[in-house]
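Single-structure report; data block below.
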Amino acid sequence: MSELVARTGRHQQRYEDGCRLVAGCIPFKYRNSVESNGAASQKIVEVLMINSTSGPGLLFPKGGWENDETVEEAALREALEEAGVRGDLKHFLGCYLFKSKTLQDESCPEGLCKAAMFALLVKEELPSWPEQSTRERSWLTIPEAIECCRHPWMRKALEEGFSKWHDDHLKINGKEEDIHIS
């Protein structure tokens with residue numbers, strides 16, 4: 001059992017212009033691909049997704065950005081609570097608007113949300129975490145993740161945010177180890 005506890009409630013939730021502010025990340029790591037002769041050939045990027053608690057499909061960790069934390073702290077907290085991973089934020093991928101059917105309240109009657117998403121290079125995968133009883137982790141290649149992604153806005157963050165940044169970064173720097181937050 002995890003000694004860490006997930007935050008609950010909305011009493012510290014941030015809102016802006018009728019939108020609930022959300023922070024999240026696309027956790028990633030590198031795995032060596034193996035040639036048929038057993039030699040390592042190249043590094044393959046994999047992203048971590050978690051199951052949804054409200055239906056089919058997979059998600060990236062995300063949740064409410066609260067008044068007592070920065071957006072970066074909120075993204076790191078959500079990765080820990082929902083996916084049980086720690087790491088380094090490497091790049092701000094952008095803000096993505098979406099409408100939540102389940103998260104309507106007096107501060108956000110339309111259920112509009114604005115998610116700030118980051119690339120998170122995973123350094124540690126914890127054996128237990130706050131939401132492990134309701135969340136399962138899956139490491140996927142980018143094409144697999146695009147196929148399994150539940151929400152169009154998350155697919156856009158993966159394709160237009162993460163993949164473009166990652167490809168551009170590798171063209172400029174040539175190797176994964178040099179990745180730094182922009």
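Chain labels follow the order of the structure tokens: the first chain is A, the next B, and so on; residue numbering restarts at 1 in every chain, and ligands are counted from 1 in their shown order.
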
Residue contacts of Arg137 in chain A (12 Å, only C-alpha atoms) excluding same-chain residues fewer than 5 positions away, as a PyMOL selection string: chain A and resi 27+47-52+58-61+79-80+82-85+125-129+131-132

Strand (DSSP E) positions in range 80-151 of chain A, given as JSON, numbers by chain: {"A": [85, 86, 87, 88, 89, 90, 91, 92, 93, 94, 95, 96, 97, 98, 99, 112, 113, 114, 115, 116, 117, 118, 119, 120, 121, 122, 123, 124, 125, 137, 138, 139, 140, 141]}

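Across the model, the gap from CA of His91 in chain A to CA of His166 in chain A is 9.3 Å.
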
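The shortest atom-to-atom distance to Asp68 in chain A, with only C-alpha atoms taken into account, belongs to A:Arg14 out of A:Arg150, A:Arg20, A:Lys90, A:Arg14.
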
DSSP-assigned helix (DSSP H, G or I) among range 9-162 of chain A, expressed as JSON, numbers by chain: {"A": [71, 72, 73, 74, 75, 76, 77, 78, 79, 80, 81, 82, 83, 142, 143, 144, 145, 146, 147, 148, 152, 153, 154, 155, 156, 157, 158, 159, 160, 161, 162]}

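The gap separating CA of Cys95 in chain A from CA of Ala74 in chain A is 14.2 Å, in Å to one decimal.
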
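CA of Tyr30 in chain A is found 9.0 Å from CA of Leu121 in chain A.
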
Closest of A:Trp65, A:Trp139, A:Phe118, A:Tyr96 to Cys25 in chain A - atom-to-atom distances counting only C-alpha atoms: A:Phe118

Neighbour list for Ala119 in chain A as a count of residues only, cut-off 10 Å, only C-alpha atoms, skip fewer than 6 positions in-chain: 22

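Nearest residue to Val45 in chain A among A:Glu78, A:Trp153, A:Glu147, A:Leu140 is A:Leu140, counting only C-alpha atoms.
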
Selected residue of minimal separation from His151 in chain A among A:Pro56, A:Leu120, A:Thr70, A:Ala23, counting only C-alpha atoms: A:Pro56
